[in-house]
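Pasted below: target.cif, mmCIF, C-alpha atoms.
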data_protein
loop_
_atom_site.label_atom_id
_atom_site.label_comp_id
_atom_site.auth_asym_id
_atom_site.auth_seq_id
_atom_site.Cartn_x
_atom_site.Cartn_y
_atom_site.Cartn_z
CA MET A 1 95.85 107.24 89.57
CA ARG A 2 95.48 103.87 87.82
CA LEU A 3 98.93 104.42 86.32
CA TRP A 4 100.36 105.31 89.74
CA ALA A 5 98.71 102.23 91.26
CA ALA A 6 100.29 99.99 88.61
CA ALA A 7 103.72 101.57 89.17
CA HIS A 8 103.32 101.19 92.91
CA ALA A 9 102.43 97.51 92.50
CA VAL A 10 105.68 96.93 90.60
CA ASP A 11 107.56 98.90 93.26
CA ASP A 12 106.05 96.76 96.02
CA PHE A 13 107.08 93.64 94.10
CA TYR A 14 110.72 94.69 94.29
CA GLN A 15 110.47 95.75 97.92
CA GLY A 16 108.92 92.39 98.80
CA LEU A 17 111.77 90.42 97.24
CA VAL A 18 114.10 90.69 100.24
CA PRO A 19 111.66 89.29 102.83
CA ALA A 20 110.67 86.54 100.39
CA ALA A 21 114.33 85.66 99.77
CA VAL A 22 115.35 85.54 103.44
CA PRO A 23 114.64 81.78 103.88
CA TYR A 24 116.78 80.96 100.85
CA LEU A 25 119.59 83.21 102.05
CA VAL A 26 119.57 81.41 105.41
CA LEU A 27 119.52 77.93 103.86
CA GLN A 28 121.74 78.38 100.81
CA ARG A 29 124.22 81.15 101.60
CA ASP A 30 124.93 80.55 105.27
CA VAL A 31 123.31 83.81 106.32
CA GLY A 32 122.22 83.64 109.97
CA TYR A 33 119.09 85.18 111.40
CA LEU A 34 121.04 88.25 112.49
CA GLY A 35 122.56 88.67 109.03
CA ALA A 36 119.14 88.21 107.43
CA SER A 37 117.68 90.88 109.70
CA GLY A 38 120.59 93.14 108.72
CA LEU A 39 119.65 92.74 105.05
CA ALA A 40 116.05 93.53 105.92
CA VAL A 41 117.23 96.67 107.72
CA ALA A 42 119.23 97.71 104.64
CA ALA A 43 116.18 97.22 102.43
CA THR A 44 113.93 99.06 104.88
CA PHE A 45 116.19 102.05 105.38
CA GLY A 46 117.04 102.23 101.71
CA SER A 47 113.37 102.41 100.78
CA SER A 48 112.09 104.50 103.69
CA LEU A 49 114.54 107.29 104.46
CA PRO A 50 114.65 108.79 100.92
CA GLN A 51 110.88 109.16 100.95
CA ILE A 52 111.06 112.03 103.43
CA ALA A 53 113.39 114.10 101.25
CA VAL A 54 111.54 113.15 98.07
CA GLY A 55 108.25 114.09 99.72
CA LEU A 56 109.57 117.54 100.61
CA LEU A 57 110.73 118.04 97.03
CA ALA A 58 107.47 116.73 95.60
CA ASP A 59 105.55 119.41 97.52
CA LYS A 60 107.66 122.14 95.90
CA ARG A 61 107.97 121.00 92.30
CA ARG A 62 106.74 118.37 89.88
CA MET A 63 109.25 115.60 89.26
CA PRO A 64 107.68 113.13 86.80
CA TRP A 65 111.06 111.47 86.20
CA MET A 66 111.56 110.52 89.85
CA SER A 67 109.31 107.46 89.98
CA PRO A 68 110.54 105.90 86.68
CA LEU A 69 114.14 106.38 87.85
CA GLY A 70 113.28 104.81 91.20
CA LEU A 71 111.69 101.77 89.56
CA ALA A 72 114.74 101.32 87.35
CA LEU A 73 117.11 101.46 90.33
CA ALA A 74 114.91 99.05 92.29
CA GLY A 75 115.01 96.53 89.47
CA ILE A 76 118.76 96.87 88.91
CA GLY A 77 119.56 96.47 92.60
CA ALA A 78 117.32 93.42 92.92
CA GLY A 79 118.85 91.88 89.81
CA VAL A 80 122.41 92.42 91.05
CA ALA A 81 121.54 90.89 94.44
CA GLY A 82 120.54 87.62 92.78
CA PRO A 83 123.95 86.24 91.72
CA VAL A 84 125.95 87.76 94.62
CA PRO A 85 127.27 84.75 96.57
CA ALA A 86 127.98 86.24 100.02
CA CYS A 87 126.29 88.44 102.60
CA PRO A 88 128.48 91.60 102.74
CA PRO A 89 128.22 92.38 98.99
CA LEU A 90 124.49 91.82 99.22
CA VAL A 91 124.06 94.88 101.42
CA PRO A 92 124.80 97.62 98.83
CA ALA A 93 122.68 95.83 96.22
CA VAL A 94 119.73 95.53 98.60
CA LEU A 95 120.27 99.10 99.82
CA GLY A 96 120.31 100.42 96.26
CA SER A 97 117.19 98.50 95.33
CA GLY A 98 115.40 99.82 98.40
CA ALA A 99 116.54 103.39 97.72
CA GLY A 100 115.15 103.18 94.19
CA GLY A 101 111.85 101.87 95.47
CA GLY A 102 111.69 104.66 98.04
CA GLU A 103 111.57 107.27 95.28
CA VAL A 104 108.22 106.02 93.99
CA PRO A 105 105.53 106.70 96.68
CA PRO A 106 105.79 110.46 97.48
CA PRO A 107 105.02 111.85 93.98
CA PRO A 108 101.74 109.89 93.69
CA GLY A 109 101.05 110.84 97.31
CA ARG A 110 101.18 114.44 96.17
CA GLY A 111 98.94 113.60 93.22
CA ALA A 112 96.27 112.11 95.51
CA PRO A 113 95.12 115.18 97.50
CA PRO A 114 93.85 114.72 101.05
CA ALA A 115 90.35 116.14 100.35
CA PRO A 116 88.02 117.49 97.64
CA ARG A 117 87.48 121.17 98.42
CA GLY A 118 85.11 121.63 101.32
CA ARG A 119 84.82 118.07 102.66
CA ALA A 120 86.86 115.02 103.54
CA GLY A 121 87.71 112.73 100.65
CA PRO A 122 86.71 109.05 100.48
CA VAL A 123 89.58 106.92 101.77
CA GLY A 124 88.86 103.95 99.54
CA ARG A 125 89.46 106.03 96.40
CA VAL A 126 92.07 108.52 97.60
CA ALA A 127 94.46 106.38 99.63
CA GLY A 128 94.07 102.94 98.08
CA GLY A 129 96.79 101.38 95.95
CA ARG A 130 99.46 99.81 98.17
CA ARG A 131 99.59 96.12 99.26
CA ALA A 132 95.83 95.64 98.53
CA PRO A 133 94.75 97.78 101.46
CA LEU A 134 91.49 98.46 99.67
CA ALA A 135 89.48 96.77 102.45
CA GLY A 136 90.84 99.24 105.00
CA GLY A 137 89.80 102.16 102.80
CA ARG A 138 86.29 100.76 102.37
CA ILE A 139 85.94 100.19 106.11
CA ALA A 140 87.19 103.71 106.83
CA ASP A 141 84.58 105.17 104.48
CA ARG A 142 81.93 103.54 106.67
CA ILE A 143 83.18 103.84 110.26
CA GLY A 144 85.87 106.52 110.07
CA MET A 145 89.63 106.45 109.71
CA VAL A 146 90.65 106.42 113.36
CA ARG A 147 88.24 103.61 114.21
CA THR A 148 89.59 101.60 111.28
CA VAL A 149 93.15 101.99 112.55
CA ARG A 150 92.09 100.86 116.00
CA LEU A 151 90.13 97.93 114.56
CA GLY A 152 93.12 96.71 112.56
CA ASN A 153 95.40 96.90 115.59
CA VAL A 154 92.96 94.97 117.77
CA LEU A 155 92.28 92.24 115.17
CA LEU A 156 96.00 91.68 114.70
CA ILE A 157 96.37 90.30 118.22
CA PRO A 158 94.12 87.20 117.82
CA ALA A 159 95.43 86.66 114.28
CA LEU A 160 99.02 86.43 115.53
CA VAL A 161 98.07 84.28 118.51
CA ALA A 162 96.16 81.85 116.27
CA MET A 163 99.15 81.53 113.94
CA LEU A 164 101.50 80.91 116.88
CA LEU A 165 99.26 78.28 118.47
CA CYS A 166 98.81 76.37 115.21
CA GLY A 167 100.96 73.24 115.30
CA ASN A 168 100.65 72.28 111.63
CA ARG A 169 102.69 74.30 109.15
CA TYR A 170 100.16 73.82 106.36
CA VAL A 171 97.22 74.82 108.51
CA ALA A 172 99.27 77.83 109.67
CA LEU A 173 99.44 79.24 106.12
CA PRO A 174 95.87 80.61 106.11
CA PHE A 175 96.56 82.22 109.48
CA ALA A 176 99.74 83.78 108.09
CA LEU A 177 97.66 85.14 105.20
CA LEU A 178 95.16 86.50 107.71
CA VAL A 179 97.95 88.22 109.65
CA GLY A 180 99.14 89.89 106.46
CA LEU A 181 95.66 91.07 105.53
CA VAL A 182 94.84 92.40 108.99
CA THR A 183 98.25 94.10 109.29
CA ASN A 184 97.55 96.16 106.19
CA ILE A 185 94.00 97.24 107.07
CA PRO A 186 95.26 100.48 108.72
CA PHE A 187 98.04 101.09 106.18
CA ALA A 188 96.32 103.23 103.55
CA VAL A 189 94.17 104.82 106.26
CA LEU A 190 97.28 106.04 108.09
CA VAL A 191 98.61 107.54 104.85
CA LYS A 192 95.29 109.37 104.37
CA LEU A 193 95.32 110.52 108.00
CA GLY A 194 98.81 111.92 107.53
CA GLN A 195 97.65 113.87 104.49
CA ASP A 196 94.66 115.23 106.39
CA TYR A 197 96.83 116.25 109.33
CA LEU A 198 99.17 118.06 106.87
CA PRO A 199 96.72 119.18 104.17
CA THR A 200 99.13 121.62 102.53
CA ARG A 201 102.01 119.10 102.40
CA PRO A 202 100.61 115.84 100.97
CA GLY A 203 103.98 114.72 99.59
CA THR A 204 105.67 115.30 102.93
CA ALA A 205 102.85 113.45 104.70
CA ALA A 206 103.28 110.48 102.37
CA GLY A 207 107.04 110.54 102.96
CA VAL A 208 106.55 110.47 106.72
CA THR A 209 103.83 107.81 106.85
CA LEU A 210 105.39 105.61 104.17
CA GLY A 211 109.02 106.41 104.96
CA LEU A 212 109.85 107.56 108.46
CA ALA A 213 107.35 105.21 110.11
CA VAL A 214 108.71 102.17 108.26
CA SER A 215 112.27 103.19 109.08
CA ALA A 216 111.43 103.43 112.77
CA GLY A 217 110.00 99.93 112.67
CA GLY A 218 113.06 98.65 110.84
CA LEU A 219 115.27 99.68 113.76
CA PHE A 220 113.93 96.69 115.71
CA LEU A 221 114.75 94.07 113.07
CA PRO A 222 118.24 93.30 114.45
CA LEU A 223 116.71 92.76 117.88
CA LEU A 224 114.29 90.27 116.37
CA GLY A 225 117.24 88.63 114.65
CA LEU A 226 119.00 88.20 117.98
CA VAL A 227 115.84 86.71 119.49
CA ALA A 228 115.54 84.31 116.56
CA GLU A 229 119.19 83.27 116.93
CA ALA A 230 118.59 82.41 120.59
CA HIS A 231 115.02 81.06 120.53
CA GLY A 232 114.22 80.33 116.90
CA PRO A 233 111.66 81.98 114.61
CA ARG A 234 108.83 81.21 117.04
CA GLY A 235 110.53 83.31 119.69
CA ALA A 236 110.65 86.28 117.32
CA LEU A 237 106.98 85.79 116.48
CA VAL A 238 106.10 85.77 120.17
CA VAL A 239 107.80 89.16 120.51
CA LEU A 240 105.89 90.42 117.48
CA ALA A 241 102.62 89.32 119.07
CA VAL A 242 103.20 91.93 121.80
CA VAL A 243 103.70 94.82 119.35
CA PRO A 244 99.98 95.26 118.51
CA LEU A 245 99.32 96.01 122.17
CA VAL A 246 101.59 99.06 121.83
CA ALA A 247 99.81 100.05 118.62
CA VAL A 248 96.42 99.79 120.34
CA VAL A 249 97.56 102.16 123.09
CA LEU A 250 99.09 104.67 120.66
CA SER A 251 96.05 104.67 118.35
CA ALA A 252 93.87 105.64 121.31
CA PHE A 253 95.41 109.13 121.08
CA LEU A 254 94.47 109.62 117.41
CA ARG A 255 91.66 112.00 116.53
CA GLU A 256 89.63 112.34 113.36
CA PRO A 257 90.87 115.34 111.36
CA ALA A 258 88.50 118.27 111.16
CA ALA A 259 86.41 118.52 107.98
CA ARG A 260 87.63 121.18 105.56
#
Full structure transcribed into structure tokens:
Amino acid sequence: MRLWAAAHAVDDFYQGLVPAAVPYLVLQRDVGYLGASGLAVAATFGSSLPQIAVGLLADKRRMPWMSPLGLALAGIGAGVAGPVPACPPLVPAVLGSGAGGGEVPPPPGRGAPPAPRGRAGPVGRVAGGRRAPLAGGRIADRIGMVRTVRLGNVLLIPALVAMLLCGNRYVALPFALLVGLVTNIPFAVLVKLGQDYLPTRPGTAAGVTLGLAVSAGGLFLPLLGLVAEAHGPRGALVVLAVVPLVAVVLSAFLREPAAR
């Protein structure tokens, strides 16, 4: 699992390149907010949708070559996107990089089973390894997975509001860091919950929680781009501040999986 965690860290590095590059694309290549959101959609769908199919395959057969191939494609796509001067040619490069990165998570998801035989597994050890969500796993080991998901959703609301109300861009940086940390508290826990809800299909569960869920969220990126075009980045952030309220309501329907 240490090897999978290292590979996943490299995979996340490539998948994080597009969001990190968006400001430079807007400033240096005349890409508007809508175009930037389109690139983010390409990266999201490229990385998320393949995970469902790969997860289904990972539950049926071992494919040790899949993750190395995915990392190679992610690196090649990201490298090609660097020198491309205009927006339209950027899309296939970003899409290819995302698709390569999407091949990495399901196989290790299959390798991290949802439970030791006879009892629920510790979340901090089983589901940790993506975006430093270790804190969420530790919290879940103490208070339960569902409560951890609800806690992360609730804490995200004041974190976003504090960042929005901050008038100084340098003072806002710690709040932005806090938003990122709080956002990822439920992440690994949701992956573990998916595996416990589908105990005989851990690869499929990882593909759904890491793939389908991210793809569904990516559908709203163009809408945020339109809001940003009309009202600036702050307007898009105001819209995002409402999203945790929806997550709080939805997480109220979650139930702890039965012990096995």
Please, what distance in Å, to one decimal, runs between CA of Ala43 in chain A and CA of Gly98 in chain A? 4.9 Å
Smallest atom-to-atom distance to Ala228 in chain A: which of A:Leu73, A:Ala132, A:Leu25, A:Leu34, using all atoms listed in the file? A:Leu34
Any chance you could work out the residue set of the PyMOL selection byres ((chain A and resi 148) around 9) here, as a CSV table (one decimal) with C-alpha atoms, in the frame of the given file?
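Saved result, out.csv, follows:
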chain,number,residue,atom,x,y,z
A,136,GLY,CA,90.8,99.2,105.0
A,137,GLY,CA,89.8,102.2,102.8
A,139,ILE,CA,85.9,100.2,106.1
A,140,ALA,CA,87.2,103.7,106.8
A,143,ILE,CA,83.2,103.8,110.3
A,144,GLY,CA,85.9,106.5,110.1
A,145,MET,CA,89.6,106.4,109.7
A,146,VAL,CA,90.6,106.4,113.4
A,147,ARG,CA,88.2,103.6,114.2
A,149,VAL,CA,93.2,102.0,112.6
A,150,ARG,CA,92.1,100.9,116.0
A,151,LEU,CA,90.1,97.9,114.6
A,152,GLY,CA,93.1,96.7,112.6
A,153,ASN,CA,95.4,96.9,115.6
A,185,ILE,CA,94.0,97.2,107.1
A,186,PRO,CA,95.3,100.5,108.7
A,189,VAL,CA,94.2,104.8,106.3
With only C-alpha atoms as the counted atoms, please give the residues lying no more than 12 Å from Val41 in chain A, apart from itself and same-chain residues fewer than 4 positions off, as number ranges by chain. A: 15, 18-19, 34-37, 45-49, 91-92, 94-95, 98, 214-225
Can you spit out the residues from that selection as a short mmCIF file (atom, residue, chain, number, x, y, z; two decimals), in the frame of the given file, using C-alpha atoms?
data_model
loop_
_atom_site.label_atom_id
_atom_site.label_comp_id
_atom_site.auth_asym_id
_atom_site.auth_seq_id
_atom_site.Cartn_x
_atom_site.Cartn_y
_atom_site.Cartn_z
CA GLN A 15 110.47 95.75 97.92
CA VAL A 18 114.10 90.69 100.24
CA PRO A 19 111.66 89.29 102.83
CA LEU A 34 121.04 88.25 112.49
CA GLY A 35 122.56 88.67 109.03
CA ALA A 36 119.14 88.21 107.43
CA SER A 37 117.68 90.88 109.70
CA PHE A 45 116.19 102.05 105.38
CA GLY A 46 117.04 102.23 101.71
CA SER A 47 113.37 102.41 100.78
CA SER A 48 112.09 104.50 103.69
CA LEU A 49 114.54 107.29 104.46
CA VAL A 91 124.06 94.88 101.42
CA PRO A 92 124.80 97.62 98.83
CA VAL A 94 119.73 95.53 98.60
CA LEU A 95 120.27 99.10 99.82
CA GLY A 98 115.40 99.82 98.40
CA VAL A 214 108.71 102.17 108.26
CA SER A 215 112.27 103.19 109.08
CA ALA A 216 111.43 103.43 112.77
CA GLY A 217 110.00 99.93 112.67
CA GLY A 218 113.06 98.65 110.84
CA LEU A 219 115.27 99.68 113.76
CA PHE A 220 113.93 96.69 115.71
CA LEU A 221 114.75 94.07 113.07
CA PRO A 222 118.24 93.30 114.45
CA LEU A 223 116.71 92.76 117.88
CA LEU A 224 114.29 90.27 116.37
CA GLY A 225 117.24 88.63 114.65
#
What is the distance between CA of Ala230 in chain A and CA of Asn184 in chain A, in Å to one decimal?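 CA of Ala230 in chain A sits 29.0 Å away from CA of Asn184 in chain A.
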If I take CA of Ala9 in chain A and CA of Ala241 in chain A, how far is one from the other in Å, to one decimal?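 Atom-to-atom, CA of Ala9 in chain A to CA of Ala241 in chain A, that is 27.8 Å.
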Distance query Pro244 in chain A at most 8 Å, all atoms listed in the file, self and fewer than 6 positions along chain excluded, as a compact mmCIF listing (two decimals) with C-alpha atoms, keeping the file's coordinate frame:
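Okay, this is what ended up in part15.txt:
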# COMPACT_ATOMS: atom_id res chain seq x y z
CA ASN A 153 95.40 96.90 115.59
CA VAL A 154 92.96 94.97 117.77
CA LEU A 156 96.00 91.68 114.70
CA ILE A 157 96.37 90.30 118.22
What's the 12 Å shell around Val161 in chain A, counting all atoms listed in the file, without same-chain residues fewer than 2 positions away, as an mmCIF file with C-alpha atoms, keeping the file's coordinate frame?
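Once everything was written out, this is around_3.cif:
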data_model
loop_
_atom_site.group_PDB
_atom_site.id
_atom_site.type_symbol
_atom_site.label_atom_id
_atom_site.label_comp_id
_atom_site.auth_asym_id
_atom_site.auth_seq_id
_atom_site.Cartn_x
_atom_site.Cartn_y
_atom_site.Cartn_z
ATOM 1 C CA VAL A 154 92.960 94.970 117.770
ATOM 2 C CA LEU A 155 92.280 92.240 115.170
ATOM 3 C CA LEU A 156 96.000 91.680 114.700
ATOM 4 C CA ILE A 157 96.370 90.300 118.220
ATOM 5 C CA PRO A 158 94.120 87.200 117.820
ATOM 6 C CA ALA A 159 95.430 86.660 114.280
ATOM 7 C CA MET A 163 99.150 81.530 113.940
ATOM 8 C CA LEU A 164 101.500 80.910 116.880
ATOM 9 C CA LEU A 165 99.260 78.280 118.470
ATOM 10 C CA CYS A 166 98.810 76.370 115.210
ATOM 11 C CA GLY A 167 100.960 73.240 115.300
ATOM 12 C CA ALA A 172 99.270 77.830 109.670
ATOM 13 C CA PHE A 175 96.560 82.220 109.480
ATOM 14 C CA ALA A 176 99.740 83.780 108.090
ATOM 15 C CA LEU A 178 95.160 86.500 107.710
ATOM 16 C CA VAL A 179 97.950 88.220 109.650
ATOM 17 C CA ARG A 234 108.830 81.210 117.040
ATOM 18 C CA LEU A 237 106.980 85.790 116.480
ATOM 19 C CA VAL A 238 106.100 85.770 120.170
ATOM 20 C CA VAL A 239 107.800 89.160 120.510
ATOM 21 C CA LEU A 240 105.890 90.420 117.480
ATOM 22 C CA ALA A 241 102.620 89.320 119.070
ATOM 23 C CA VAL A 242 103.200 91.930 121.800
ATOM 24 C CA VAL A 243 103.700 94.820 119.350
ATOM 25 C CA PRO A 244 99.980 95.260 118.510
#
A:Val191, A:Leu17, A:Arg62, A:Gln28: which is nearest Gly79 in chain A, counting all atoms listed in the file?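 Nearest candidate to Gly79 in chain A out of A:Val191, A:Leu17, A:Arg62, A:Gln28: A:Leu17.
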Pick out the residues sitting within 10 Å of Gly82 in chain A, and hand them over as a PyMOL selection string; count only C-alpha atoms, and ignore anything fewer than 5 positions along from it in its own chain. chain A and resi 21+77+90+93-94
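Each of A:Ala162, A:Arg169, A:Arg138, A:Gly203 was compared to Ala188 in chain A using all atoms listed in the file, and A:Arg138 turns out to be the nearest.
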Can you sort out the box for range 30-35 of chain A, edges along x, y and z, all listed atoms in, 5 Å on every side, with centre and edge lengths in Å to one decimal, as AutoDock Vina command-line options?
--center_x 122.0 --center_y 84.6 --center_z 108.9 --size_x 15.8 --size_y 18.1 --size_z 17.2
Shortest interatomic distance to Ala6 in chain A - which of A:Ala53, A:Tyr197, A:Gly38, A:Pro68, counting all atoms listed in the file: A:Pro68
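Using only C-alpha atoms, the smallest distance between any of A:Glu256, A:Ala236, A:Arg2, A:Leu245 and Lys192 in chain A comes from A:Glu256.
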